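K.L.:
Mind having a look at this structure? Questions to follow.
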Amino acid sequence: MAPDSCLPPKAGSYPSDCEILAGYRAMAANKSPAPARSAAWQGALGKAEGIRILLLDVDGVLTDGSLIFSHDGQESKVFNTQDGFGLRLLREAGVELGVITARSSEAVARRCANLKIRHVHQGVESKLTAYQEILKQSGCKPFEVAYMGDDWMDLALLNRVGLSVAPANAVAEVRAAAHYTTEKSGGQGAVRELCDLILEAKGRYQELLQNYMNR
């Protein structure tokens with residue numbers, strides 16, 4: 001009998017370890033092909049390969065841009081769990097994370113703490129000043145930074161980083177300035193799409209996927 005073959009199962013018995021392992025091997029051999037990537041995605045891989053830190057706007061990027069206020073004036077926001085998991089994967093791959101936003105929100109502070117985002121700049125009047133401070137703290141060069149923003153206030157940073165990205169819902173001027181525009185909108189998977197792009201550029205996408213398949 002071949003080493004990888006299994007004895008025929010007995011009627012009504014549970015599958016043996018051998019049969020389970022054989023099933024996993026069959027799944028691996030017949031796994032779905034890698035997702036199709038657009039020409040724009042392929043064109044952005046070179047810029048994404050050397051990224052050491054990802055910086056994000058919040059409203060319109062990590063959220064869909066909606067502002068929700070309670071009767072007592074408290075602000076709340078809706079975040080996407082797949083975006084959050086993508087950021088977790090980037091951290092596992094050694095990429096630092098940060099947010100730069102003109103608004104201040106306790107919800108954002110809590111979300112950043114939950115995702116272990118190191119650089120958090122809220123209520124900033126100048127995103128460029130916050131960006132320069134992050135460069136000093138992280139030791140990163142501009143070409144090692146990726147930034148995603150959706151409106152005019154983000155243009156100064158988009159023009160100064162190695163990989164500039166706009167979500168699908170960004171205004172026309174931002175989409176024109178970006179190296180890559182995601183297929184998905186802010187708060188609806190745009191950040192996860194960018195995370196996957198960076199992971200693929202670094203050659204970590206399939207490795208991390210396999211790690212989670214084996215957990």
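Starting from 1 in every chain, residues are counted up; chains themselves are A, B, ... following the order of the structure tokens, and ligands are numbered from 1 as listed.
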From a DSSP pass on the backbone, collect the residues of region 63-106 of chain A flagged as helix (DSSP H, G or I) and hand them back as number ranges by chain.
P.N.:
A: 81-92, 106
K.L.:
Would you list the contacts of Gly186 (chain A) as number ranges by chain, taking every protein, DNA or RNA residue within 6 Å and counting only C-alpha atoms, but skipping same-chain residues closer than 4 positions in sequence?
P.N.:
A: 60-64, 167, 190
K.L.:
Could you take the residues named above and write them with N, CA and C atoms, as a PDB file, in the first residue's frame?
P.N.:
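part06.pdb, written as the output of this step:
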ATOM      1  N   GLY A  60     -14.599  58.807   5.349  1.00  0.00           N
ATOM      2  CA  GLY A  60     -14.550  58.560   3.914  1.00  0.00           C
ATOM      3  C   GLY A  60     -13.528  57.530   3.510  1.00  0.00           C
ATOM      4  N   VAL A  61     -12.719  57.066   4.475  1.00  0.00           N
ATOM      5  CA  VAL A  61     -11.697  56.053   4.203  1.00  0.00           C
ATOM      6  C   VAL A  61     -11.921  54.837   5.107  1.00  0.00           C
ATOM      7  N   LEU A  62     -11.742  55.033   6.421  1.00  0.00           N
ATOM      8  CA  LEU A  62     -12.070  53.969   7.368  1.00  0.00           C
ATOM      9  C   LEU A  62     -13.570  53.890   7.619  1.00  0.00           C
ATOM     10  N   THR A  63     -14.291  54.953   7.266  1.00  0.00           N
ATOM     11  CA  THR A  63     -15.759  54.955   7.343  1.00  0.00           C
ATOM     12  C   THR A  63     -16.306  55.384   5.990  1.00  0.00           C
ATOM     13  N   ASP A  64     -17.630  55.349   5.838  1.00  0.00           N
ATOM     14  CA  ASP A  64     -18.221  55.784   4.576  1.00  0.00           C
ATOM     15  C   ASP A  64     -18.421  57.294   4.530  1.00  0.00           C
ATOM     16  N   PRO A 167      -9.887  55.957  -2.232  1.00  0.00           N
ATOM     17  CA  PRO A 167     -11.007  55.011  -2.301  1.00  0.00           C
ATOM     18  C   PRO A 167     -11.894  55.382  -3.473  1.00  0.00           C
ATOM     19  N   ALA A 190     -12.383  49.357   1.228  1.00  0.00           N
ATOM     20  CA  ALA A 190     -11.294  50.011   0.503  1.00  0.00           C
ATOM     21  C   ALA A 190      -9.955  49.806   1.206  1.00  0.00           C
TER      22      ALA A 190
END
K.L.:
Considering only C-alpha atoms, return as an MDAnalysis selection string whatever protein or nucleic-acid residues lie within 10 Å of Arg111 (chain A), sequence-local ones (same chain, fewer than 4 positions apart) excluded.
P.N.:
chainID A and resid 77 79 84 105:107 115:117
K.L.:
What would the file look like if the residues just selected were written as a tab-separated table (two decimals), in the first residue's frame with C-alpha atoms?
P.N.:
chain	number	residue	atom	x	y	z
A	77	LYS	CA	-18.97	55.99	13.51
A	79	PHE	CA	-16.16	50.74	10.88
A	84	GLY	CA	-9.72	45.97	10.61
A	105	SER	CA	-13.69	61.40	18.04
A	106	GLU	CA	-13.65	59.03	20.99
A	107	ALA	CA	-14.90	56.33	18.63
A	115	LEU	CA	-6.32	47.80	16.20
A	116	LYS	CA	-3.06	48.74	17.95
A	117	ILE	CA	-2.46	51.65	15.60
K.L.:
Could you list, as a list in words, every residue within 9 Å of region 132-146 of chain A, counting only C-alpha atoms and ignoring same-chain residues fewer than 4 positions away?
P.N.:
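The residues that qualify are Lys47, Ala48, Glu49, Gly50, Ile51, Arg52, Ile53, Leu54, Leu55, Leu56, Glu96, Gly98, His119, Lys127, Leu128, Leu158, Arg160, Val161, Gly162, Leu163, Ser164 and Val165 of chain A.
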K.L.:
Would you save the residues of that selection, restricted to N, CA and C atoms, as a JSON list (two decimals), in the first residue's frame?
P.N.:
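The new file out-v7.json reads:
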[["chain", "number", "residue", "atom", "x", "y", "z"],
["A", 47, "LYS", "N", 5.35, 50.13, -6.37],
["A", 47, "LYS", "CA", 5.38, 51.17, -5.35],
["A", 47, "LYS", "C", 5.03, 50.63, -3.98],
["A", 48, "ALA", "N", 4.22, 49.58, -3.93],
["A", 48, "ALA", "CA", 3.76, 49.02, -2.65],
["A", 48, "ALA", "C", 4.81, 48.13, -1.99],
["A", 49, "GLU", "N", 5.74, 47.62, -2.76],
["A", 49, "GLU", "CA", 6.69, 46.63, -2.22],
["A", 49, "GLU", "C", 7.53, 47.17, -1.08],
["A", 50, "GLY", "N", 7.96, 48.42, -1.16],
["A", 50, "GLY", "CA", 8.85, 48.96, -0.15],
["A", 50, "GLY", "C", 8.16, 49.72, 0.97],
["A", 51, "ILE", "N", 6.83, 49.60, 1.07],
["A", 51, "ILE", "CA", 6.08, 50.36, 2.08],
["A", 51, "ILE", "C", 6.36, 49.80, 3.48],
["A", 52, "ARG", "N", 6.71, 50.73, 4.40],
["A", 52, "ARG", "CA", 6.96, 50.35, 5.80],
["A", 52, "ARG", "C", 5.90, 50.87, 6.74],
["A", 53, "ILE", "N", 5.12, 51.86, 6.28],
["A", 53, "ILE", "CA", 4.09, 52.42, 7.14],
["A", 53, "ILE", "C", 2.89, 52.84, 6.30],
["A", 54, "LEU", "N", 1.69, 52.52, 6.78],
["A", 54, "LEU", "CA", 0.45, 52.91, 6.12],
["A", 54, "LEU", "C", -0.26, 53.94, 6.97],
["A", 55, "LEU", "N", -0.55, 55.09, 6.38],
["A", 55, "LEU", "CA", -1.28, 56.16, 7.05],
["A", 55, "LEU", "C", -2.64, 56.32, 6.38],
["A", 56, "LEU", "N", -3.66, 56.61, 7.19],
["A", 56, "LEU", "CA", -5.02, 56.68, 6.69],
["A", 56, "LEU", "C", -5.76, 57.91, 7.19],
["A", 96, "GLU", "N", 3.97, 49.38, 9.96],
["A", 96, "GLU", "CA", 3.40, 50.25, 10.98],
["A", 96, "GLU", "C", 2.12, 50.91, 10.44],
["A", 98, "GLY", "N", -0.96, 54.18, 10.99],
["A", 98, "GLY", "CA", -1.26, 55.47, 11.57],
["A", 98, "GLY", "C", -2.49, 56.09, 10.95],
["A", 119, "HIS", "N", 0.44, 55.36, 15.45],
["A", 119, "HIS", "CA", 0.46, 56.80, 15.22],
["A", 119, "HIS", "C", -0.97, 57.31, 15.05],
["A", 127, "LYS", "N", -2.41, 68.44, 8.14],
["A", 127, "LYS", "CA", -2.04, 67.03, 8.00],
["A", 127, "LYS", "C", -0.57, 66.89, 7.63],
["A", 128, "LEU", "N", -0.03, 67.88, 6.94],
["A", 128, "LEU", "CA", 1.38, 67.83, 6.55],
["A", 128, "LEU", "C", 2.28, 67.87, 7.78],
["A", 158, "LEU", "N", -0.90, 63.07, -0.32],
["A", 158, "LEU", "CA", -0.91, 62.18, -1.47],
["A", 158, "LEU", "C", 0.21, 62.51, -2.45],
["A", 160, "ARG", "N", 3.16, 63.51, -1.56],
["A", 160, "ARG", "CA", 4.44, 63.41, -0.87],
["A", 160, "ARG", "C", 4.78, 62.01, -0.40],
["A", 161, "VAL", "N", 4.03, 61.01, -0.78],
["A", 161, "VAL", "CA", 4.29, 59.65, -0.30],
["A", 161, "VAL", "C", 4.65, 58.73, -1.46],
["A", 162, "GLY", "N", 5.19, 57.57, -1.08],
["A", 162, "GLY", "CA", 5.61, 56.61, -2.10],
["A", 162, "GLY", "C", 4.46, 55.92, -2.80],
["A", 163, "LEU", "N", 3.35, 55.72, -2.06],
["A", 163, "LEU", "CA", 2.15, 55.10, -2.64],
["A", 163, "LEU", "C", 0.94, 55.88, -2.18],
["A", 164, "SER", "N", 0.32, 56.61, -3.09],
["A", 164, "SER", "CA", -0.88, 57.39, -2.77],
["A", 164, "SER", "C", -2.10, 56.65, -3.30],
["A", 165, "VAL", "N", -3.11, 56.53, -2.44],
["A", 165, "VAL", "CA", -4.28, 55.72, -2.78],
["A", 165, "VAL", "C", -5.55, 56.48, -2.45]]
K.L.:
Name the closest residue to Gly187 (chain A) among the candidates A:Ala40, A:Leu87, A:Val78, A:Leu67; distances are taken between atoms, counting only C-alpha atoms.
P.N.:
A:Val78
K.L.:
Between CA of Leu208 (chain A) and CA of Thr81 (chain A), what is the distance, to one decimal in Å?
P.N.:
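Distance reported for this atom pair: 17.7 Å.
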K.L.:
Enumerate, as a PyMOL selection string, the complete set of residues in region 77-211 of chain A that a backbone-based DSSP assignment places in strand (DSSP E or B).
P.N.:
chain A and resi 96-100+119-121+145-148+163-166+180-181
K.L.:
Go ahead and write the residues just picked, C-alpha atoms, as a compact mmCIF listing (two decimals), in the first residue's frame.
P.N.:
# COMPACT_ATOMS: atom_id res chain seq x y z
CA GLU A 96 3.40 50.25 10.98
CA LEU A 97 -0.02 51.94 11.01
CA GLY A 98 -1.26 55.47 11.57
CA VAL A 99 -4.26 57.77 11.13
CA ILE A 100 -4.34 61.50 10.45
CA HIS A 119 0.46 56.80 15.22
CA VAL A 120 -2.85 58.53 16.00
CA HIS A 121 -3.25 62.22 15.12
CA VAL A 145 4.92 55.57 3.21
CA ALA A 146 1.48 54.75 1.81
CA TYR A 147 -1.42 57.12 2.39
CA MET A 148 -5.12 56.87 1.59
CA LEU A 163 2.15 55.10 -2.64
CA SER A 164 -0.88 57.39 -2.77
CA VAL A 165 -4.28 55.72 -2.78
CA ALA A 166 -7.84 56.96 -3.15
CA TYR A 180 -4.07 53.70 -7.27
CA THR A 181 -7.83 53.99 -6.79
K.L.:
Smallest atom-to-atom distance to Asp154 (chain A): which of A:Cys195, A:Ala178, A:Ala39, A:Ala93, using only C-alpha atoms?
P.N.:
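Comparing A:Cys195, A:Ala178, A:Ala39, A:Ala93 against Asp154 (chain A), the winner is A:Ala178.
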K.L.:
Would you please work out which residue, of A:Val58, A:Leu45, A:Leu199, A:Leu194, is nearest to Gly149 (chain A) when using only C-alpha atoms?
P.N.:
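Checking each of A:Val58, A:Leu45, A:Leu199, A:Leu194 against Gly149 (chain A), counting only C-alpha atoms, the winner is A:Val58.
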K.L.:
Report the distance between CA of Asp59 (chain A) and CA of Pro35 (chain A) in Å, rounded to one decimal place.
P.N.:
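Going from CA of Asp59 (chain A) over to CA of Pro35 (chain A), I get 28.4 Å.
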